[in-house]
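The structure appears below as structure tokens.
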Amino acid sequence: MADAIRTESEQPTLKRVIGPALLLLFVVGDILGTGVYALTGKVAAEVGGAVWLPFLLAFVVALLTAFSYLELVTKYPRAAGAALYTHKAFGIHFLTFMVTFAVMCSGLTSASSASKAFAGNFGEAFDLSIGDGFALTAVALGFITLVALINFRGVGESVKANVVLTVVELTGLLIVICIGAWALGGGNGDLSRLTEFNTPPGDAVALSVTAGTALAFFAMVGFEDSVNMAEETRDPVRIFPKVMLTGLCITGLIYVLVAISAVALVAPDDLAEGSTPLLKVVEAGAPAFPLTIFAFITMFAVANSALINMMMASRLLYGMANERVLPSVLGRVHRTRRTPWVGILFTTAIAFGLIWFADLTALGGTTALLLLCVFTVVNVAVLVLRRDPVDHDHFKAPTVIPVIGAIACAFLASPFSGRATADYRIAGVLLLVGIVLWAITYAANKYVPGAITRP
């Protein structure tokens, strides 16, 4: 009988199976996706032909924040991410909750933007004239419903499966780069656009660039998810710094090359129209290339982003309900499917509202805004936690880097960057929902003992 009883200390730990190669593919695969496939044209609308510059600046800001994540993940190699670092640094329950809920909401806005991008490419793949109105919204809603059904059924996502997804996403971007190089080598395209800033009269170029960077940052997020793999990585203290920085540099280079190819082959105004900018680039640079194939590659890339983000959001909601910081009903698990069905319904309902009321640019901008706020907190947390020594060697970022990172992230999240007001409205509504849920739970736990119990 005693042998059948495990103490907490005897519980099995996660298996450390991820080496440098798999971790690199995870980092690259998590960053690649909806951002560059869907928003390259929207960034061009903000800044003009110099669309490569916002992607480069977004890469620099992401790189600064990555140094903070590297110090924290090698110092605390546990699968909890920003919530763990915020809790350890500040010990304020409400702040930890808001950071966690913001991460969850960023998953919903990201999945919603992926749904709209999927709908646009769906129309192109099947030669349907769905436009940008009700028909596109209907396809996007249908797609997110399908994602919810797959999420409910249960999807076994593994890092090895991510290898296949990464190869597909990467193939699509390399096609764009190769077509751009081939077309430019043949005398097609216009490289002079790369130095053009198409700003409205009276607007400063710098403001257009920062506004474009605030949006382009959406394309660089994802690297922070890799810290949740710390407990399953072999020797994370040694592996993480080299792998994360390498992955960021690879994606940053790819994005800049894609942006150069895109604007050299397609005028910024044309690139900004619709939700399939890279499809226009392929069509302009290689008319004989089968566009249907590229449309399916794009659909696959953004569909994967949507599924991963919706799974993350529903599981995060489930976890917060289990910790009694949200109503326990949100943590209920289906008896046969063993999936958090109430959390899936709740997050899907929010995604429906986002798809219906917000456009692709606002959804991408809101995703970037939420994560920039989280990154600001993480950059500050790494400085606060310098007072908390640990008994093992770990990566340490030069002090100036998290300082600059915090300032840069806070600036890009602020109205001074030229960020659209729609981003704040959407983020405000989402976070208000979280505050209301937290307040209900807090009041029930405090004044009605036993009213909210674990599911």
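Following the order of the structure tokens, chains are lettered A, B, ..., residues in each are numbered from 1, and ligands are numbered from 1.
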
Expected answer as JSON, numbers by chain: helix (DSSP H, G or I) residues in segment 230-434 of chain A: {"A": [230, 231, 232, 236, 237, 238, 239, 240, 241, 242, 243, 244, 245, 246, 247, 248, 249, 250, 251, 252, 253, 254, 255, 256, 257, 258, 259, 260, 261, 262, 263, 264, 265, 268, 269, 270, 271, 277, 278, 279, 280, 281, 282, 283, 284, 285, 291, 292, 293, 294, 295, 296, 297, 298, 299, 300, 301, 302, 303, 304, 305, 306, 307, 308, 309, 310, 311, 312, 313, 314, 315, 316, 317, 318, 319, 320, 321, 322, 328, 329, 330, 331, 341, 342, 343, 344, 345, 346, 347, 348, 349, 350, 351, 352, 353, 354, 355, 356, 357, 360, 361, 362, 363, 364, 365, 366, 367, 368, 369, 370, 371, 372, 373, 374, 375, 376, 377, 378, 379, 380, 381, 382, 383, 384, 385, 386, 387, 400, 401, 402, 403, 404, 405, 406, 407, 408, 409, 410, 411, 412, 413, 415, 416, 417, 421, 422, 423, 424, 425, 426, 427, 428, 429, 430, 431, 432, 433, 434]}

If we count only C-alpha atoms, what is near segment 55-67 of chain A at a cut-off of 6 Å, once residues fewer than 4 positions away on the same chain are taken out, given as a PyMOL selection string? chain A and resi 213+216-217+252+397+401+405

Would you save the residues from that selection as a PDB file, in the first residue's frame, using C-alpha atoms?
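Once everything was written out, this is out-v1.pdb:
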ATOM      1  CA  THR A 213       7.422  49.543 -35.635  1.00  0.00           C
ATOM      2  CA  ALA A 216       5.594  45.270 -36.956  1.00  0.00           C
ATOM      3  CA  PHE A 217       6.436  44.127 -33.418  1.00  0.00           C
ATOM      4  CA  GLY A 252      14.893  39.071 -38.075  1.00  0.00           C
ATOM      5  CA  ALA A 397      22.455  40.654 -19.222  1.00  0.00           C
ATOM      6  CA  ILE A 401      20.083  46.333 -21.875  1.00  0.00           C
ATOM      7  CA  GLY A 405      14.453  47.434 -23.305  1.00  0.00           C
TER       8      GLY A 405
END

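Residues within 10 Å of Leu278 of chain A, counting only C-alpha atoms and excluding same-chain residues fewer than 4 positions away, are Val36, Tyr37, Ala38, Leu39, Thr40, Gly41, Gly172, Leu173, Ile175, Val176, Val258, Ala259, Ser261, Ala262, Val266, Leu271, Val282, Glu283, Ala284, Phe294, Ala295 and Thr298 of chain A.
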
Please compute the atom CA of Val209 of chain A-atom CA of Ile31 of chain A distance, one decimal, in Å. 21.6 Å

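Distance check against Val47 of chain A using only C-alpha atoms: of A:Gly189, A:Gly428, A:Pro402, A:Pro268, the minimum falls on A:Pro268.
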
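Using only C-alpha atoms, the residues found no farther than 9 Å from Tyr442 of chain A, other than those of its own chain fewer than 6 positions away, are Arg324, Val325 and Leu326 of chain A.
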
Go ahead and save the residues from that selection, with all heavy atoms, as a compact mmCIF listing (two decimals), in the first residue's frame.
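So the final result, stored in result_7.txt, reads:
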# COMPACT_ATOMS: atom_id res chain seq x y z
N ARG A 324 -8.09 29.62 -8.45
CA ARG A 324 -9.13 30.41 -7.79
C ARG A 324 -8.93 31.91 -7.92
O ARG A 324 -9.28 32.68 -7.03
CB ARG A 324 -9.25 30.01 -6.30
CG ARG A 324 -9.57 28.54 -6.10
CD ARG A 324 -9.72 28.20 -4.65
NE ARG A 324 -10.89 28.87 -4.06
CZ ARG A 324 -11.23 28.77 -2.77
NH1 ARG A 324 -10.47 28.08 -1.95
NH2 ARG A 324 -12.29 29.40 -2.32
N VAL A 325 -8.36 32.34 -9.05
CA VAL A 325 -8.28 33.78 -9.33
C VAL A 325 -9.29 34.16 -10.40
O VAL A 325 -9.43 35.32 -10.76
CB VAL A 325 -6.86 34.20 -9.77
CG1 VAL A 325 -5.87 34.02 -8.65
CG2 VAL A 325 -6.41 33.43 -11.01
N LEU A 326 -10.02 33.16 -10.92
CA LEU A 326 -11.14 33.36 -11.83
C LEU A 326 -12.25 32.39 -11.41
O LEU A 326 -11.97 31.39 -10.73
CB LEU A 326 -10.74 33.09 -13.29
CG LEU A 326 -9.88 34.16 -13.98
CD1 LEU A 326 -9.56 33.71 -15.40
CD2 LEU A 326 -10.56 35.51 -13.99

Excluding Ser68 of chain A and any residue of its chain fewer than 3 positions from it, enumerate the residues within 12 Å of it, using only C-alpha atoms, and give them as a PDB file with N, CA and C atoms, in the first residue's frame.
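The file below, selection10.pdb, is the result:
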ATOM      1  N   VAL A  61      14.232  45.759 -30.659  1.00  0.00           N
ATOM      2  CA  VAL A  61      13.505  45.834 -29.391  1.00  0.00           C
ATOM      3  C   VAL A  61      13.259  44.428 -28.838  1.00  0.00           C
ATOM      4  N   ALA A  62      12.891  43.495 -29.713  1.00  0.00           N
ATOM      5  CA  ALA A  62      12.687  42.117 -29.274  1.00  0.00           C
ATOM      6  C   ALA A  62      13.990  41.516 -28.751  1.00  0.00           C
ATOM      7  N   LEU A  63      15.095  41.841 -29.403  1.00  0.00           N
ATOM      8  CA  LEU A  63      16.399  41.318 -28.983  1.00  0.00           C
ATOM      9  C   LEU A  63      16.766  41.827 -27.595  1.00  0.00           C
ATOM     10  N   LEU A  64      16.497  43.099 -27.318  1.00  0.00           N
ATOM     11  CA  LEU A  64      16.771  43.661 -25.993  1.00  0.00           C
ATOM     12  C   LEU A  64      15.976  42.924 -24.918  1.00  0.00           C
ATOM     13  N   THR A  65      14.702  42.691 -25.206  1.00  0.00           N
ATOM     14  CA  THR A  65      13.853  41.994 -24.238  1.00  0.00           C
ATOM     15  C   THR A  65      14.274  40.537 -24.090  1.00  0.00           C
ATOM     16  N   GLU A  71      18.169  35.973 -18.951  1.00  0.00           N
ATOM     17  CA  GLU A  71      18.657  36.012 -17.565  1.00  0.00           C
ATOM     18  C   GLU A  71      17.671  35.323 -16.636  1.00  0.00           C
ATOM     19  N   LEU A  72      16.387  35.562 -16.846  1.00  0.00           N
ATOM     20  CA  LEU A  72      15.382  35.020 -15.937  1.00  0.00           C
ATOM     21  C   LEU A  72      15.167  33.522 -16.137  1.00  0.00           C
ATOM     22  N   VAL A  73      15.178  33.047 -17.386  1.00  0.00           N
ATOM     23  CA  VAL A  73      14.937  31.626 -17.615  1.00  0.00           C
ATOM     24  C   VAL A  73      16.127  30.777 -17.178  1.00  0.00           C
ATOM     25  N   THR A  74      17.330  31.321 -17.255  1.00  0.00           N
ATOM     26  CA  THR A  74      18.494  30.560 -16.777  1.00  0.00           C
ATOM     27  C   THR A  74      18.647  30.682 -15.259  1.00  0.00           C
ATOM     28  N   LYS A  75      18.057  31.726 -14.701  1.00  0.00           N
ATOM     29  CA  LYS A  75      18.073  31.902 -13.241  1.00  0.00           C
ATOM     30  C   LYS A  75      16.972  31.070 -12.587  1.00  0.00           C
ATOM     31  N   GLY A  81       7.169  31.376 -17.190  1.00  0.00           N
ATOM     32  CA  GLY A  81       7.300  32.594 -17.983  1.00  0.00           C
ATOM     33  C   GLY A  81       7.061  33.879 -17.233  1.00  0.00           C
ATOM     34  N   ALA A  82       6.416  34.849 -17.913  1.00  0.00           N
ATOM     35  CA  ALA A  82       6.261  36.200 -17.387  1.00  0.00           C
ATOM     36  C   ALA A  82       5.526  36.224 -16.054  1.00  0.00           C
ATOM     37  N   TYR A  85       8.021  35.447 -13.255  1.00  0.00           N
ATOM     38  CA  TYR A  85       8.972  36.520 -13.033  1.00  0.00           C
ATOM     39  C   TYR A  85       8.303  37.718 -12.358  1.00  0.00           C
ATOM     40  N   GLU A 224       9.181  34.532 -26.595  1.00  0.00           N
ATOM     41  CA  GLU A 224       8.995  34.455 -25.148  1.00  0.00           C
ATOM     42  C   GLU A 224       8.305  33.159 -24.728  1.00  0.00           C
ATOM     43  N   VAL A 227      10.437  29.999 -23.195  1.00  0.00           N
ATOM     44  CA  VAL A 227      10.871  29.842 -21.802  1.00  0.00           C
ATOM     45  C   VAL A 227      10.004  28.817 -21.082  1.00  0.00           C
ATOM     46  N   PRO A 241      20.663  30.696 -24.024  1.00  0.00           N
ATOM     47  CA  PRO A 241      21.170  31.964 -24.566  1.00  0.00           C
ATOM     48  C   PRO A 241      21.546  31.890 -26.039  1.00  0.00           C
ATOM     49  N   MET A 244      18.198  31.000 -28.339  1.00  0.00           N
ATOM     50  CA  MET A 244      17.200  32.054 -28.481  1.00  0.00           C
ATOM     51  C   MET A 244      17.727  33.212 -29.314  1.00  0.00           C
ATOM     52  N   LEU A 245      18.967  33.625 -29.072  1.00  0.00           N
ATOM     53  CA  LEU A 245      19.548  34.734 -29.830  1.00  0.00           C
ATOM     54  C   LEU A 245      19.728  34.346 -31.301  1.00  0.00           C
ATOM     55  N   PHE A 375       6.245  42.864 -21.736  1.00  0.00           N
ATOM     56  CA  PHE A 375       7.700  42.929 -21.861  1.00  0.00           C
ATOM     57  C   PHE A 375       8.291  44.068 -21.028  1.00  0.00           C
ATOM     58  N   THR A 376       7.565  45.167 -20.911  1.00  0.00           N
ATOM     59  CA  THR A 376       8.026  46.268 -20.063  1.00  0.00           C
ATOM     60  C   THR A 376       8.166  45.790 -18.626  1.00  0.00           C
ATOM     61  N   VAL A 377       7.157  45.050 -18.145  1.00  0.00           N
ATOM     62  CA  VAL A 377       7.193  44.524 -16.778  1.00  0.00           C
ATOM     63  C   VAL A 377       8.350  43.542 -16.607  1.00  0.00           C
ATOM     64  N   VAL A 378       8.569  42.673 -17.601  1.00  0.00           N
ATOM     65  CA  VAL A 378       9.653  41.685 -17.515  1.00  0.00           C
ATOM     66  C   VAL A 378      11.014  42.367 -17.481  1.00  0.00           C
ATOM     67  N   ASN A 379      11.201  43.409 -18.285  1.00  0.00           N
ATOM     68  CA  ASN A 379      12.475  44.131 -18.290  1.00  0.00           C
ATOM     69  C   ASN A 379      12.746  44.811 -16.954  1.00  0.00           C
ATOM     70  N   VAL A 380      11.700  45.279 -16.298  1.00  0.00           N
ATOM     71  CA  VAL A 380      11.871  45.867 -14.964  1.00  0.00           C
ATOM     72  C   VAL A 380      12.112  44.759 -13.938  1.00  0.00           C
ATOM     73  N   ALA A 381      11.392  43.646 -14.094  1.00  0.00           N
ATOM     74  CA  ALA A 381      11.512  42.546 -13.136  1.00  0.00           C
ATOM     75  C   ALA A 381      12.932  42.004 -13.061  1.00  0.00           C
ATOM     76  N   VAL A 382      13.622  41.936 -14.205  1.00  0.00           N
ATOM     77  CA  VAL A 382      14.971  41.379 -14.198  1.00  0.00           C
ATOM     78  C   VAL A 382      15.909  42.246 -13.352  1.00  0.00           C
ATOM     79  N   LEU A 383      15.670  43.547 -13.321  1.00  0.00           N
ATOM     80  CA  LEU A 383      16.488  44.439 -12.495  1.00  0.00           C
ATOM     81  C   LEU A 383      16.152  44.274 -11.013  1.00  0.00           C
ATOM     82  N   VAL A 384      14.859  44.146 -10.710  1.00  0.00           N
ATOM     83  CA  VAL A 384      14.436  43.959  -9.316  1.00  0.00           C
ATOM     84  C   VAL A 384      14.979  42.650  -8.765  1.00  0.00           C
ATOM     85  N   LEU A 385      14.982  41.613  -9.584  1.00  0.00           N
ATOM     86  CA  LEU A 385      15.393  40.282  -9.121  1.00  0.00           C
ATOM     87  C   LEU A 385      16.905  40.123  -9.018  1.00  0.00           C
ATOM     88  N   ARG A 386      17.647  41.155  -9.368  1.00  0.00           N
ATOM     89  CA  ARG A 386      19.096  41.102  -9.116  1.00  0.00           C
ATOM     90  C   ARG A 386      19.380  40.954  -7.616  1.00  0.00           C
ATOM     91  N   HIS A 394      24.314  31.523 -14.001  1.00  0.00           N
ATOM     92  CA  HIS A 394      23.278  31.758 -15.004  1.00  0.00           C
ATOM     93  C   HIS A 394      23.683  32.932 -15.879  1.00  0.00           C
ATOM     94  N   PHE A 395      22.995  33.062 -16.985  1.00  0.00           N
ATOM     95  CA  PHE A 395      23.226  34.178 -17.917  1.00  0.00           C
ATOM     96  C   PHE A 395      22.867  35.493 -17.219  1.00  0.00           C
ATOM     97  N   LYS A 396      23.688  36.512 -17.453  1.00  0.00           N
ATOM     98  CA  LYS A 396      23.388  37.829 -16.884  1.00  0.00           C
ATOM     99  C   LYS A 396      23.537  38.882 -17.967  1.00  0.00           C
ATOM    100  N   ALA A 397      22.449  39.604 -18.207  1.00  0.00           N
ATOM    101  CA  ALA A 397      22.455  40.654 -19.222  1.00  0.00           C
ATOM    102  C   ALA A 397      23.127  41.903 -18.676  1.00  0.00           C
ATOM    103  N   PRO A 398      23.891  42.613 -19.495  1.00  0.00           N
ATOM    104  CA  PRO A 398      24.421  43.913 -19.055  1.00  0.00           C
ATOM    105  C   PRO A 398      23.271  44.802 -18.592  1.00  0.00           C
ATOM    106  N   THR A 399      23.429  45.485 -17.480  1.00  0.00           N
ATOM    107  CA  THR A 399      22.338  46.245 -16.860  1.00  0.00           C
ATOM    108  C   THR A 399      21.681  47.224 -17.818  1.00  0.00           C
ATOM    109  N   VAL A 400      22.459  47.807 -18.700  1.00  0.00           N
ATOM    110  CA  VAL A 400      21.910  48.814 -19.598  1.00  0.00           C
ATOM    111  C   VAL A 400      20.875  48.226 -20.559  1.00  0.00           C
ATOM    112  N   ILE A 401      20.981  46.934 -20.879  1.00  0.00           N
ATOM    113  CA  ILE A 401      20.083  46.333 -21.875  1.00  0.00           C
ATOM    114  C   ILE A 401      18.638  46.261 -21.378  1.00  0.00           C
ATOM    115  N   PRO A 402      18.352  45.705 -20.173  1.00  0.00           N
ATOM    116  CA  PRO A 402      16.959  45.734 -19.721  1.00  0.00           C
ATOM    117  C   PRO A 402      16.432  47.143 -19.480  1.00  0.00           C
ATOM    118  N   VAL A 403      17.319  48.073 -19.133  1.00  0.00           N
ATOM    119  CA  VAL A 403      16.877  49.469 -18.948  1.00  0.00           C
ATOM    120  C   VAL A 403      16.386  50.034 -20.290  1.00  0.00           C
ATOM    121  N   ILE A 404      17.212  49.868 -21.322  1.00  0.00           N
ATOM    122  CA  ILE A 404      16.821  50.350 -22.656  1.00  0.00           C
ATOM    123  C   ILE A 404      15.603  49.571 -23.151  1.00  0.00           C
ATOM    124  N   GLY A 405      15.575  48.258 -22.883  1.00  0.00           N
ATOM    125  CA  GLY A 405      14.453  47.434 -23.305  1.00  0.00           C
ATOM    126  C   GLY A 405      13.140  47.895 -22.684  1.00  0.00           C
ATOM    127  N   ALA A 406      13.170  48.202 -21.382  1.00  0.00           N
ATOM    128  CA  ALA A 406      11.952  48.667 -20.696  1.00  0.00           C
ATOM    129  C   ALA A 406      11.474  49.988 -21.282  1.00  0.00           C
TER     130      ALA A 406
END

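One finds atom CA of Asn309 of chain A at 15.7 Å from atom CA of Leu141 of chain A.
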
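Comparing the minimum interatomic distances between Leu170 of chain A and each of A:Leu25, A:Ser328, A:Glu323, A:Phe352, counting only C-alpha atoms, we find that A:Leu25 sits nearest.
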
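Our summary of the geometry notes that atom CA of Gly319 of chain A is positioned 25.1 Å from atom CA of Ile355 of chain A.
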
Residues of segment 193-297 of chain A at most 10 Å from segment 117-124 of chain A: nearest atom pair and distance in Å, only C-alpha atoms, as CSV:
residue,atom,partner,partner_atom,distance
A:Gly274,CA,A:Gly120,CA,7.5
A:Ser275,CA,A:Gly120,CA,5.6
A:Thr276,CA,A:Asn121,CA,6.2
A:Pro277,CA,A:Asn121,CA,9.8
A:Leu279,CA,A:Asn121,CA,8.3
A:Leu291,CA,A:Glu124,CA,8.2
A:Thr292,CA,A:Glu124,CA,7.2
A:Phe294,CA,A:Asn121,CA,9.1
A:Ala295,CA,A:Asn121,CA,5.4
A:Phe296,CA,A:Asn121,CA,7.4
A:Ile297,CA,A:Asn121,CA,9.3

Go ahead and dump the residues you just picked, N, CA and C atoms, as a short mmCIF file (atom, residue, chain, number, x, y, z; two decimals), in the first residue's frame.
data_model
loop_
_atom_site.label_atom_id
_atom_site.label_comp_id
_atom_site.auth_asym_id
_atom_site.auth_seq_id
_atom_site.Cartn_x
_atom_site.Cartn_y
_atom_site.Cartn_z
N GLY A 274 -6.06 44.82 -48.75
CA GLY A 274 -6.42 43.42 -48.53
C GLY A 274 -5.59 42.75 -47.44
N SER A 275 -5.76 41.44 -47.32
CA SER A 275 -5.08 40.68 -46.26
C SER A 275 -4.15 39.61 -46.81
N THR A 276 -3.75 39.74 -48.10
CA THR A 276 -2.86 38.74 -48.70
C THR A 276 -1.67 39.44 -49.37
N PRO A 277 -0.87 40.21 -48.63
CA PRO A 277 0.21 40.98 -49.26
C PRO A 277 1.27 40.13 -49.93
N LEU A 279 1.02 37.20 -51.21
CA LEU A 279 0.48 36.58 -52.42
C LEU A 279 0.63 37.53 -53.61
N LEU A 291 -0.17 30.18 -57.76
CA LEU A 291 -0.57 30.98 -56.61
C LEU A 291 -1.38 30.18 -55.60
N THR A 292 -2.11 29.20 -56.08
CA THR A 292 -2.92 28.39 -55.16
C THR A 292 -2.05 27.70 -54.13
N PHE A 294 0.86 28.72 -52.96
CA PHE A 294 1.32 29.68 -51.97
C PHE A 294 0.18 30.09 -51.04
N ALA A 295 -1.02 30.23 -51.57
CA ALA A 295 -2.17 30.56 -50.73
C ALA A 295 -2.39 29.50 -49.67
N PHE A 296 -2.22 28.21 -50.06
CA PHE A 296 -2.39 27.13 -49.09
C PHE A 296 -1.27 27.13 -48.04
N ILE A 297 -0.05 27.48 -48.46
CA ILE A 297 1.05 27.59 -47.50
C ILE A 297 0.73 28.66 -46.46
#
